[in-house]
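Enquirer: Dropping in my_file_5.cif, with mmCIF, C-alpha atoms.
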data_coords
loop_
_atom_site.label_atom_id
_atom_site.label_comp_id
_atom_site.auth_asym_id
_atom_site.auth_seq_id
_atom_site.Cartn_x
_atom_site.Cartn_y
_atom_site.Cartn_z
CA MET A 1 0.00 0.00 0.00
CA SER A 2 1.36 3.43 -0.97
CA GLU A 3 2.24 5.91 1.73
CA PRO A 4 -0.14 8.89 2.02
CA VAL A 5 0.83 12.04 0.15
CA TRP A 6 1.76 15.16 2.12
CA LEU A 7 0.04 18.31 0.90
CA GLU A 8 1.38 21.70 1.95
CA VAL A 9 -0.13 25.10 1.16
CA ALA A 10 1.99 28.27 1.16
CA ILE A 11 -0.74 30.84 1.57
CA ASN A 12 1.03 34.16 0.92
CA GLY A 13 4.79 34.71 0.67
CA PRO A 14 7.20 37.69 0.59
CA PHE A 15 5.92 39.50 -2.50
CA GLY A 16 3.09 41.47 -0.93
CA PRO A 17 -0.41 42.41 -2.06
CA LYS A 18 0.72 44.36 -5.14
CA ARG A 19 2.14 41.25 -6.79
CA GLN A 20 -0.02 38.57 -5.14
CA PRO A 21 -3.31 40.42 -4.49
CA HIS A 22 -5.30 37.22 -3.98
CA ALA A 23 -3.22 36.06 -1.00
CA PRO A 24 -4.21 36.76 2.64
CA TYR A 25 -2.12 39.18 4.69
CA THR A 26 -3.96 40.24 7.87
CA PRO A 27 -3.90 37.87 10.85
CA THR A 28 -7.64 37.30 10.56
CA ALA A 29 -7.34 36.45 6.86
CA LEU A 30 -4.33 34.19 7.47
CA ILE A 31 -6.18 32.27 10.16
CA GLY A 32 -9.33 31.91 8.07
CA GLU A 33 -7.49 30.79 4.96
CA GLY A 34 -5.21 28.43 6.84
CA LEU A 35 -8.23 26.73 8.40
CA ALA A 36 -10.08 26.53 5.09
CA CYS A 37 -7.07 24.94 3.37
CA ALA A 38 -6.70 22.46 6.23
CA ARG A 39 -10.32 21.44 5.80
CA ALA A 40 -9.67 21.03 2.05
CA GLY A 41 -6.87 18.53 2.70
CA ALA A 42 -3.64 20.40 3.47
CA ALA A 43 -1.81 18.99 6.48
CA ILE A 44 0.93 21.66 6.36
CA VAL A 45 0.44 25.45 6.26
CA HIS A 46 3.31 27.84 5.56
CA LEU A 47 2.87 31.59 5.96
CA HIS A 48 4.46 35.03 6.32
CA VAL A 49 3.08 37.68 8.68
CA TYR A 50 2.56 41.32 7.77
CA ASP A 51 2.00 44.65 9.48
CA GLU A 52 -1.69 45.48 9.04
CA ALA A 53 -1.10 49.23 8.84
CA THR A 54 1.68 49.22 6.24
CA GLY A 55 1.10 45.97 4.35
CA ILE A 56 4.82 45.18 4.75
CA GLN A 57 6.14 41.85 6.00
CA ASN A 58 7.29 42.32 9.60
CA ASP A 59 8.00 38.82 11.02
CA ALA A 60 6.73 39.86 14.45
CA PRO A 61 6.82 36.93 16.91
CA GLU A 62 3.54 37.94 18.56
CA THR A 63 1.74 37.97 15.22
CA TYR A 64 3.07 34.51 14.44
CA VAL A 65 1.98 33.30 17.88
CA ARG A 66 -1.54 34.62 17.32
CA VAL A 67 -1.90 33.02 13.90
CA ILE A 68 -0.23 29.68 14.64
CA GLU A 69 -2.13 29.13 17.87
CA ALA A 70 -5.49 30.09 16.34
CA ILE A 71 -5.09 27.62 13.46
CA ARG A 72 -3.78 24.77 15.58
CA GLU A 73 -6.50 25.18 18.19
CA ARG A 74 -9.12 24.32 15.56
CA GLN A 75 -7.27 22.03 13.10
CA ASP A 76 -4.46 19.54 13.67
CA VAL A 77 -2.03 20.84 11.05
CA ILE A 78 1.67 21.70 10.94
CA VAL A 79 1.96 25.50 10.73
CA TYR A 80 5.36 27.05 10.16
CA PRO A 81 6.83 30.52 9.50
CA THR A 82 9.37 31.99 7.15
CA VAL A 83 12.78 33.46 7.93
CA PRO A 84 13.49 37.14 7.17
CA MET A 85 15.50 37.83 4.01
CA GLY A 86 18.22 39.65 5.95
CA GLY A 87 19.28 40.85 9.36
CA ALA A 88 21.38 43.48 11.08
CA GLY A 89 25.12 42.92 10.90
CA GLU A 90 27.78 41.92 8.42
CA PRO A 91 26.72 39.16 5.99
CA GLY A 92 28.28 35.88 7.09
CA SER A 93 28.75 37.04 10.68
CA PRO A 94 27.35 35.18 13.70
CA GLU A 95 25.65 38.40 14.81
CA ARG A 96 23.69 38.71 11.58
CA ALA A 97 22.74 35.03 11.67
CA ARG A 98 21.40 35.34 15.21
CA ALA A 99 19.44 38.48 14.31
CA ARG A 100 17.99 36.84 11.22
CA TYR A 101 16.80 33.78 13.13
CA ALA A 102 15.68 35.64 16.26
CA VAL A 103 11.97 35.11 15.55
CA ILE A 104 12.57 31.39 14.97
CA ASP A 105 14.45 31.16 18.25
CA GLU A 106 11.60 32.89 20.08
CA LEU A 107 8.90 30.69 18.54
CA GLY A 108 10.99 27.61 19.27
CA ARG A 109 11.37 28.62 22.91
CA ARG A 110 7.59 28.86 23.12
CA GLY A 111 7.20 25.35 21.74
CA LEU A 112 5.33 26.51 18.63
CA LEU A 113 7.58 25.11 15.91
CA GLU A 114 7.38 21.70 14.30
CA TRP A 115 9.06 22.89 11.08
CA SER A 116 10.91 26.04 10.05
CA VAL A 117 12.44 27.38 6.87
CA VAL A 118 16.22 26.88 6.69
CA ASP A 119 17.33 27.51 3.10
CA PRO A 120 20.76 25.90 2.45
CA GLY A 121 22.29 28.13 -0.20
CA SER A 122 22.26 31.42 -2.11
CA CYS A 123 21.11 32.32 -5.62
CA ASN A 124 19.95 35.16 -7.86
CA LEU A 125 16.17 35.54 -7.91
CA ALA A 126 15.42 37.12 -11.28
CA ARG A 127 12.37 36.89 -13.50
CA PHE A 128 12.78 36.37 -17.24
CA GLU A 129 10.49 39.35 -17.80
CA ASP A 130 12.59 41.61 -15.60
CA ILE A 131 15.86 40.50 -17.22
CA ALA A 132 14.42 41.27 -20.67
CA ALA A 133 13.59 44.78 -19.42
CA GLY A 134 17.12 45.35 -18.10
CA GLY A 135 16.47 44.42 -14.48
CA GLN A 136 18.79 42.44 -12.23
CA GLY A 137 16.62 40.69 -9.68
CA VAL A 138 17.85 40.22 -6.11
CA LEU A 139 20.47 38.08 -4.41
CA TYR A 140 18.83 35.63 -2.02
CA SER A 141 21.69 35.19 0.42
CA ASN A 142 21.98 32.36 2.92
CA THR A 143 25.55 32.19 4.18
CA VAL A 144 26.89 29.11 5.93
CA ALA A 145 26.70 31.09 9.17
CA ASP A 146 22.97 31.65 8.57
CA ILE A 147 22.36 27.99 7.77
CA ASP A 148 24.40 26.86 10.77
CA GLN A 149 22.30 29.07 13.05
CA GLY A 150 19.05 27.65 11.66
CA LEU A 151 20.25 24.09 12.13
CA ARG A 152 21.55 24.77 15.65
CA LEU A 153 18.09 26.05 16.55
CA ALA A 154 16.50 23.01 14.89
CA ARG A 155 18.58 20.76 17.12
CA GLU A 156 17.95 22.88 20.21
CA HIS A 157 14.18 23.24 19.78
CA GLY A 158 13.49 19.97 17.97
CA PHE A 159 11.92 21.30 14.77
CA HIS A 160 12.46 19.93 11.26
CA PRO A 161 14.28 22.17 8.74
CA SER A 162 12.24 22.80 5.61
CA TYR A 163 14.93 23.12 2.94
CA ALA A 164 14.04 25.12 -0.18
CA VAL A 165 16.34 23.66 -2.85
CA TYR A 166 16.65 26.28 -5.60
CA GLU A 167 19.72 24.70 -7.18
CA PRO A 168 21.32 21.23 -6.86
CA GLY A 169 24.13 22.61 -4.71
CA PHE A 170 21.59 23.58 -2.06
CA LEU A 171 20.79 19.89 -1.62
CA ARG A 172 24.41 18.84 -1.27
CA LEU A 173 25.28 21.58 1.21
CA GLY A 174 22.07 21.06 3.19
CA ALA A 175 22.68 17.32 3.48
CA ALA A 176 26.28 17.82 4.62
CA LEU A 177 25.34 20.42 7.24
CA ALA A 178 22.39 18.38 8.55
CA LYS A 179 24.77 15.46 9.14
CA HIS A 180 27.27 17.76 10.81
CA HIS A 181 24.72 19.29 13.18
CA GLY A 182 22.75 16.12 13.94
CA CYS A 183 19.48 18.03 13.74
CA PRO A 184 16.02 16.54 13.11
CA MET A 185 15.44 15.21 9.61
CA PRO A 186 15.13 17.96 6.96
CA ILE A 187 12.39 18.03 4.35
CA TYR A 188 13.86 18.72 0.89
CA ARG A 189 11.58 21.02 -1.10
CA PHE A 190 12.66 21.03 -4.74
CA MET A 191 11.99 24.49 -6.19
CA PHE A 192 10.94 24.85 -9.85
CA SER A 193 9.95 27.89 -11.89
CA ASP A 194 8.45 29.01 -15.18
CA GLU A 195 8.77 32.70 -14.33
CA PHE A 196 12.19 32.90 -12.62
CA THR A 197 15.60 31.91 -13.98
CA PHE A 198 16.81 29.75 -11.07
CA GLY A 199 17.07 25.98 -11.14
CA TYR A 200 14.90 23.79 -13.32
CA PRO A 201 11.55 24.27 -15.06
CA PRO A 202 8.74 21.99 -13.84
CA ALA A 203 9.50 18.92 -15.94
CA ALA A 204 9.77 15.18 -15.37
CA PHE A 205 13.52 15.08 -16.16
CA ALA A 206 14.12 17.73 -13.50
CA VAL A 207 12.21 15.87 -10.80
CA LYS A 208 14.10 12.66 -11.64
CA SER A 209 17.42 14.51 -11.50
CA TYR A 210 16.76 15.84 -8.01
CA VAL A 211 15.55 12.44 -6.80
CA LYS A 212 18.77 10.77 -7.98
CA LEU A 213 20.88 13.43 -6.29
CA LEU A 214 18.93 13.07 -3.05
CA GLU A 215 19.42 9.30 -3.12
CA ALA A 216 23.17 9.90 -3.37
CA GLU A 217 23.41 12.59 -0.67
CA ALA A 218 20.60 11.87 1.84
CA ALA A 219 18.90 8.61 0.93
CA GLY A 220 15.49 8.10 2.51
CA SER A 221 14.85 11.78 3.20
CA PRO A 222 11.35 13.11 2.51
CA TRP A 223 10.94 15.49 -0.42
CA MET A 224 8.30 17.55 -2.14
CA VAL A 225 7.91 19.77 -5.19
CA ALA A 226 7.21 23.51 -5.02
CA GLY A 227 8.59 26.69 -6.56
CA LEU A 228 8.14 30.35 -7.32
CA GLY A 229 6.27 31.64 -10.34
CA VAL A 230 5.30 28.10 -11.26
CA ASP A 231 2.31 25.95 -12.18
CA ILE A 232 3.27 22.89 -10.14
CA PHE A 233 0.26 20.80 -11.14
CA SER A 234 2.00 19.60 -14.30
CA ILE A 235 4.48 17.50 -12.30
CA ALA A 236 2.13 16.23 -9.59
CA GLU A 237 1.72 12.76 -11.05
CA ILE A 238 5.42 12.10 -11.68
CA THR A 239 6.18 13.39 -8.19
CA MET A 240 3.78 10.94 -6.56
CA ALA A 241 5.02 8.08 -8.75
CA LEU A 242 8.59 8.73 -7.54
CA GLY A 243 7.58 8.89 -3.87
CA GLY A 244 7.43 12.65 -3.37
CA HIS A 245 4.99 15.10 -1.87
CA LEU A 246 3.26 18.27 -3.03
CA ARG A 247 2.93 21.96 -2.27
CA VAL A 248 0.52 24.54 -3.67
CA GLY A 249 -0.41 28.11 -2.76
CA GLN A 250 -0.30 31.75 -3.67
CA GLU A 251 3.36 32.12 -2.63
CA ASP A 252 4.42 29.75 -5.38
CA THR A 253 2.15 30.65 -8.28
CA PRO A 254 2.91 33.14 -11.08
CA PHE A 255 2.29 36.76 -10.09
CA GLY A 256 -1.35 37.72 -10.29
CA TRP A 257 -2.73 34.17 -10.41
CA GLU A 258 -6.38 34.36 -9.43
CA VAL A 259 -6.79 30.74 -8.30
CA SER A 260 -7.28 30.89 -4.54
CA ASN A 261 -5.35 28.87 -1.99
CA VAL A 262 -8.43 26.84 -1.19
CA ALA A 263 -9.16 26.14 -4.86
CA GLN A 264 -5.54 25.08 -5.42
CA THR A 265 -5.70 22.79 -2.39
CA GLU A 266 -8.95 21.24 -3.59
CA ARG A 267 -7.58 20.76 -7.11
CA MET A 268 -4.42 19.03 -5.88
CA ALA A 269 -6.44 16.88 -3.47
CA ALA A 270 -8.52 15.72 -6.43
CA ILE A 271 -5.37 14.87 -8.42
CA VAL A 272 -4.13 12.79 -5.48
CA ALA A 273 -7.45 10.97 -5.26
CA ARG A 274 -7.51 10.25 -9.02
CA ALA A 275 -4.06 8.69 -8.67
CA GLY A 276 -5.54 6.28 -6.14
CA ARG A 277 -3.60 7.84 -3.27
CA SER A 278 -4.70 9.25 0.07
CA LEU A 279 -3.74 12.52 1.71
CA ALA A 280 -1.57 12.42 4.82
CA THR A 281 -2.76 13.86 8.10
CA ALA A 282 -0.44 15.89 10.29
CA ALA A 283 -0.20 12.82 12.55
CA ASP A 284 0.89 10.70 9.57
CA ILE A 285 3.64 13.21 8.75
CA ARG A 286 4.91 13.39 12.32
CA ALA A 287 5.08 9.60 12.46
CA ALA A 288 6.97 9.42 9.16
CA LEU A 289 9.55 11.95 10.37
CA VAL A 290 10.50 9.95 13.44
CA GLN A 291 11.09 6.69 11.61
#
Using structure tokens, write down the structure that the file contains.
Expert:
Amino acid sequence: MSEPVWLEVAINGPFGPKRQPHAPYTPTALIGEGLACARAGAAIVHLHVYDEATGIQNDAPETYVRVIEAIRERQDVIVYPTVPMGGAGEPGSPERARARYAVIDELGRRGLLEWSVVDPGSCNLARFEDIAAGGQGVLYSNTVADIDQGLRLAREHGFHPSYAVYEPGFLRLGAALAKHHGCPMPIYRFMFSDEFTFGYPPAAFAVKSYVKLLEAEAAGSPWMVAGLGVDIFSIAEITMALGGHLRVGQEDTPFGWEVSNVAQTERMAAIVARAGRSLATAADIRAALVQ
């Protein structure tokens, strides 16, 4: 019998309401949408918190506490936050790494984290459209000091690192550092894109390539497909056939996509059912991660 499929929903992301206007941003909207997606089949909810007055991401611990607790009180799901893009201090310094992960440390101390973002590498985040117009994109920087801090906190607080793998080197570095730190098992989230220039497009050959690399570097580790500016539904079936899991949501879709988080969750749940597979519960996922 096949193992149940994990379904995650990333309900907003770092881009803000101008670029993803159909994503929720206020605490009330985040709670409502997280609960609705959980009822539609998602066992994992990932989110970013924003300042209600300015509409700017603020990563405030108290806002995360409010949202995480409200969702988990009513639905048994894994809810986890992001990590700020930067922090005060010199890049690569221990001081900057501690500042960047301060909210994760605080949430971990409160016992609210089962998973957390720890992205094991750096890359240029540039859209094809912006490059054609003369733009440069942004450097998404995760120094080894940053990654080390995230993994130290994972070991200290007992949460699982959620690795966003934008390029193959992320996987290799993440696997090496996880072994070094002896932290809880990471989840490898292979990142694809149609809209951005990083990594692979969403294609069967790309999924197979990542799976082979994972077998070589961290055999037996759980993995899922996701991305930025991507229609991930096209690789859902090959992902399940190869033993992987799935993520949907407004954070990952092309800018301006009007398909809601709930509709995406329902659509992917239907694809899973048509494949003759069942959706994992949060309890199923927790059990799988301690094996």
Enquirer: List the residues matched by the PyMOL selection byres ((chain A and resi 6-17) around 6) in the displayed structure as a VMD selection string, ordered by chain and then by residue number.
Expert: chain A and resid 5 18 to 21 23 42 to 48 245 to 251 280
Enquirer: Could you write out as a VMD selection string the residues that the PyMOL selection byres ((chain A and resi 201-218) around 8) matches in the shown file?
Expert: chain A and resid 168 171 to 172 175 to 176 190 192 to 194 199 to 200 219 to 221 230 to 232 234 to 235 238 to 239 242
Enquirer: Write out as a PyMOL selection string which residues come within 6 Å of A:His157 when counting all atoms listed in the file, dropping same-chain ones fewer than 3 positions away.
Expert: chain A and resi 108+153-154
Enquirer: Skipping near chain neighbours, those fewer than 5 positions away, what residues fall within 10 Å of A:Arg74 using all atoms listed in the file, listed as a PyMOL selection string?
Expert: chain A and resi 35+38+69
Enquirer: If the PyMOL selection byres ((chain A and resi 32) around 12) were run on this exact file, what residues would it hold? Put them as a list in words.
Expert: Ile11, Ala23, Pro24, Tyr25, Thr26, Pro27, Thr28, Ala29, Leu30, Ile31, Glu33, Gly34, Leu35, Ala36, Cys37, Ala38, Arg39, Val45, Val67, Ile68, Ala70, Ile71, Arg72, Arg74, Gln75, Asn261 and Val262 of chain A
Enquirer: Out of A:Ser141, A:Thr281, A:Thr63, A:Gln136, which residue has the shortest atom-to-atom distance to A:Arg100 when counting all atoms listed in the file?
Expert: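 Closest residue, counting all atoms listed in the file: A:Ser141.
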Enquirer: Please report the interatomic distance between atom CA of A:Gly182 and atom CA of A:Val65 in Å with one decimal.
Expert: 27.2 Å
Enquirer: One decimal, in Å: what's the spacing between atom CA of A:Phe198 and atom CA of A:Val117?
Expert: 18.6 Å
Enquirer: Using the file's own x, y and z axes, so that the box edges lie along x, y and z, what centre and edge lengths in Å (one decimal) does a box around every listed atom of stretch 213-232 of chain A get when 8 Å is added on each side? Give it as JSON.
Expert:
{"center_x": 12.9, "center_y": 19.9, "center_z": -4.5, "size_x": 37.1, "size_y": 39.5, "size_z": 31.4}
Enquirer: As an mmCIF file, in the frame of the given file, please: stretch 215-238 of chain A completed to N, CA, C and O atoms.
Expert:
data_model
loop_
_atom_site.group_PDB
_atom_site.id
_atom_site.type_symbol
_atom_site.label_atom_id
_atom_site.label_comp_id
_atom_site.auth_asym_id
_atom_site.auth_seq_id
_atom_site.Cartn_x
_atom_site.Cartn_y
_atom_site.Cartn_z
ATOM 1 N N GLU A 215 19.062 10.679 -3.462
ATOM 2 C CA GLU A 215 19.420 9.300 -3.120
ATOM 3 C C GLU A 215 20.914 9.181 -2.834
ATOM 4 O O GLU A 215 21.329 8.423 -1.956
ATOM 5 N N ALA A 216 21.720 9.952 -3.552
ATOM 6 C CA ALA A 216 23.170 9.900 -3.370
ATOM 7 C C ALA A 216 23.615 10.633 -2.098
ATOM 8 O O ALA A 216 24.581 10.218 -1.448
ATOM 9 N N GLU A 217 22.943 11.720 -1.759
ATOM 10 C CA GLU A 217 23.410 12.590 -0.670
ATOM 11 C C GLU A 217 22.679 12.378 0.659
ATOM 12 O O GLU A 217 23.265 12.579 1.721
ATOM 13 N N ALA A 218 21.394 12.004 0.601
ATOM 14 C CA ALA A 218 20.600 11.870 1.840
ATOM 15 C C ALA A 218 19.477 10.873 1.599
ATOM 16 O O ALA A 218 18.293 11.205 1.670
ATOM 17 N N ALA A 219 19.866 9.646 1.294
ATOM 18 C CA ALA A 219 18.900 8.610 0.930
ATOM 19 C C ALA A 219 17.845 8.436 2.016
ATOM 20 O O ALA A 219 18.147 8.433 3.214
ATOM 21 N N GLY A 220 16.585 8.308 1.578
ATOM 22 C CA GLY A 220 15.490 8.100 2.510
ATOM 23 C C GLY A 220 14.860 9.359 3.048
ATOM 24 O O GLY A 220 13.866 9.292 3.779
ATOM 25 N N SER A 221 15.410 10.516 2.701
ATOM 26 C CA SER A 221 14.850 11.780 3.200
ATOM 27 C C SER A 221 13.551 12.116 2.476
ATOM 28 O O SER A 221 13.415 11.870 1.277
ATOM 29 N N PRO A 222 12.591 12.711 3.166
ATOM 30 C CA PRO A 222 11.350 13.110 2.510
ATOM 31 C C PRO A 222 11.562 14.317 1.616
ATOM 32 O O PRO A 222 12.383 15.192 1.914
ATOM 33 N N TRP A 223 10.796 14.377 0.511
ATOM 34 C CA TRP A 223 10.940 15.490 -0.420
ATOM 35 C C TRP A 223 9.587 15.855 -1.012
ATOM 36 O O TRP A 223 8.649 15.055 -1.011
ATOM 37 N N MET A 224 9.513 17.082 -1.493
ATOM 38 C CA MET A 224 8.300 17.550 -2.140
ATOM 39 C C MET A 224 8.670 18.508 -3.260
ATOM 40 O O MET A 224 9.811 18.955 -3.352
ATOM 41 N N VAL A 225 7.699 18.799 -4.115
ATOM 42 C CA VAL A 225 7.910 19.770 -5.190
ATOM 43 C C VAL A 225 7.167 21.059 -4.875
ATOM 44 O O VAL A 225 6.081 21.046 -4.300
ATOM 45 N N ALA A 226 7.781 22.184 -5.249
ATOM 46 C CA ALA A 226 7.210 23.510 -5.020
ATOM 47 C C ALA A 226 7.893 24.451 -5.998
ATOM 48 O O ALA A 226 8.409 24.028 -7.025
ATOM 49 N N GLY A 227 7.894 25.746 -5.699
ATOM 50 C CA GLY A 227 8.590 26.690 -6.560
ATOM 51 C C GLY A 227 8.146 28.104 -6.359
ATOM 52 O O GLY A 227 7.419 28.436 -5.417
ATOM 53 N N LEU A 228 8.585 28.966 -7.254
ATOM 54 C CA LEU A 228 8.140 30.350 -7.320
ATOM 55 C C LEU A 228 7.780 30.636 -8.773
ATOM 56 O O LEU A 228 8.502 30.231 -9.683
ATOM 57 N N GLY A 229 6.674 31.337 -8.982
ATOM 58 C CA GLY A 229 6.270 31.640 -10.340
ATOM 59 C C GLY A 229 6.094 30.383 -11.166
ATOM 60 O O GLY A 229 6.603 30.280 -12.278
ATOM 61 N N VAL A 230 5.362 29.407 -10.614
ATOM 62 C CA VAL A 230 5.300 28.100 -11.260
ATOM 63 C C VAL A 230 3.884 27.523 -11.170
ATOM 64 O O VAL A 230 3.158 27.755 -10.202
ATOM 65 N N ASP A 231 3.515 26.776 -12.207
ATOM 66 C CA ASP A 231 2.310 25.950 -12.180
ATOM 67 C C ASP A 231 2.782 24.536 -11.858
ATOM 68 O O ASP A 231 3.249 23.809 -12.739
ATOM 69 N N ILE A 232 2.694 24.144 -10.603
ATOM 70 C CA ILE A 232 3.270 22.890 -10.140
ATOM 71 C C ILE A 232 2.415 21.684 -10.480
ATOM 72 O O ILE A 232 2.879 20.532 -10.389
ATOM 73 N N PHE A 233 1.175 21.918 -10.901
ATOM 74 C CA PHE A 233 0.260 20.800 -11.140
ATOM 75 C C PHE A 233 0.758 19.882 -12.246
ATOM 76 O O PHE A 233 0.446 18.689 -12.250
ATOM 77 N N SER A 234 1.551 20.404 -13.168
ATOM 78 C CA SER A 234 2.000 19.600 -14.300
ATOM 79 C C SER A 234 2.927 18.462 -13.900
ATOM 80 O O SER A 234 3.098 17.496 -14.662
ATOM 81 N N ILE A 235 3.565 18.568 -12.729
ATOM 82 C CA ILE A 235 4.480 17.500 -12.300
ATOM 83 C C ILE A 235 3.959 16.756 -11.081
ATOM 84 O O ILE A 235 4.705 16.007 -10.441
ATOM 85 N N ALA A 236 2.692 16.903 -10.765
ATOM 86 C CA ALA A 236 2.130 16.230 -9.590
ATOM 87 C C ALA A 236 2.187 14.718 -9.731
ATOM 88 O O ALA A 236 2.576 14.000 -8.791
ATOM 89 N N GLU A 237 1.795 14.210 -10.888
ATOM 90 C CA GLU A 237 1.720 12.760 -11.050
ATOM 91 C C GLU A 237 3.096 12.101 -11.022
ATOM 92 O O GLU A 237 3.283 11.065 -10.363
ATOM 93 N N ILE A 238 4.087 12.676 -11.705
ATOM 94 C CA ILE A 238 5.420 12.100 -11.680
ATOM 95 C C ILE A 238 6.013 12.184 -10.279
ATOM 96 O O ILE A 238 6.734 11.279 -9.825
#
